[in-house]
Amino acid sequence: MWQQARLAGAASGALQKLRAAGMPEADEPYEDRAGALEPRIPVREAAFEPLMLACRDRRPVVFDYRKSNSARAETRQVEPWTLECWRGHWYLAGWDRDRGAGRVFRLSRITGKVRSRAGRFTAPVPDVSTVRETVERWAGESATRTARIRLRGGCGYPLRARALSVRDRGDGWDVLEIPYGHGLDAWLVEFGPDVVVEEPADLRADVVARLRAVAESR
């Protein structure tokens, strides 16, 4: 993440300060060694950078947000606390002014631009550990939701073990009902062309977006 966009300059400056303080030099640049060893945290959402700056500067924001069970986006006025990455997705935790309560927003569901607003925060900012626990709890989503997928016969045994039901279509494919929790889209992508998401539409869209990102990176 620190190699991308706005964070790249700050990361480079930090490395220079470490070298000036006596950090041992190596035959290859530290950035190259770190890039080879550290896991990458992708930042694809356009909302990430303006929200990161708003969290840093304690600046209220306004954006349009589409909930997972809604076809239309709603305008949300938020006092942003922090950004958290949970199982490959970025989330914003903050104070929702319209609802008068803390809320968590998945960045991939923010539509349009993030607009800054003048003025100070009206609610206290919780400590970091409390916010992180809130994000992790919310990111689990509803355990009562299910997804319907088509799975090629003889493939995807981990998915079959988790399935609530399995039905043979008779054409070399099976239909599975599986619990729909957070991170399911990333897991389904690992099975490549052996899996097709039928429902819900938001899960299908997330899987397609991930597959396109993989194809474009090759």
# chains A, B, ... in the order shown; residues from 1 in each chain; ligands from 1
$ residues_around --residues "range 74-81 of chain A" --least-positions-apart "3" --cutoff "10 Å" --atoms "only C-alpha atoms" --output "ChimeraX atom specification"
/A:51-67,70-71,84,92-105,110-111,115-117,120-128,131
$ closest_residue --among "A:Leu151, A:Ala47, A:Ala205, A:Ala14" --to "Gly170 in chain A" --atoms "only C-alpha atoms"
A:Leu151
$ select_by_dssp --residues "range 50-126 of chain A" --states "helix (DSSP H, G or I)" --output "mmCIF file with C-alpha atoms, in the first residue's frame"
data_model
loop_
_atom_site.group_PDB
_atom_site.id
_atom_site.type_symbol
_atom_site.label_atom_id
_atom_site.label_comp_id
_atom_site.auth_asym_id
_atom_site.auth_seq_id
_atom_site.Cartn_x
_atom_site.Cartn_y
_atom_site.Cartn_z
ATOM 1 C CA PRO A 50 -9.654 11.480 -0.381
ATOM 2 C CA LEU A 51 -10.910 9.490 2.617
ATOM 3 C CA MET A 52 -7.378 8.859 3.851
ATOM 4 C CA LEU A 53 -6.701 12.591 3.767
ATOM 5 C CA ALA A 54 -10.043 13.359 5.424
ATOM 6 C CA CYS A 55 -9.241 10.920 8.256
ATOM 7 C CA ARG A 56 -5.834 12.508 8.704
ATOM 8 C CA ASP A 57 -7.157 16.064 8.702
ATOM 9 C CA LEU A 107 -15.244 1.579 -0.070
ATOM 10 C CA SER A 108 -16.237 -0.478 -3.106
ATOM 11 C CA ARG A 109 -19.858 0.577 -2.493
#
$ residues_around --residues "Asp171 in chain A" --least-positions-apart "6" --cutoff "12 Å" --atoms "only C-alpha atoms" --output "ChimeraX atom specification"
/A:150-153
$ select_by_dssp --residues "range 26-217 of chain A" --states "strand (DSSP E or B)" --output "ChimeraX atom specification"
/A:61-65,74-86,89-96,101-106,110-116,146-152,165-168,173-179,195-199
$ residues_around --residues "Arg204 in chain A" --least-positions-apart "5" --cutoff "10 Å" --atoms "only C-alpha atoms" --output "PyMOL selection string"
chain A and resi 147-149+185+188+196-199+209
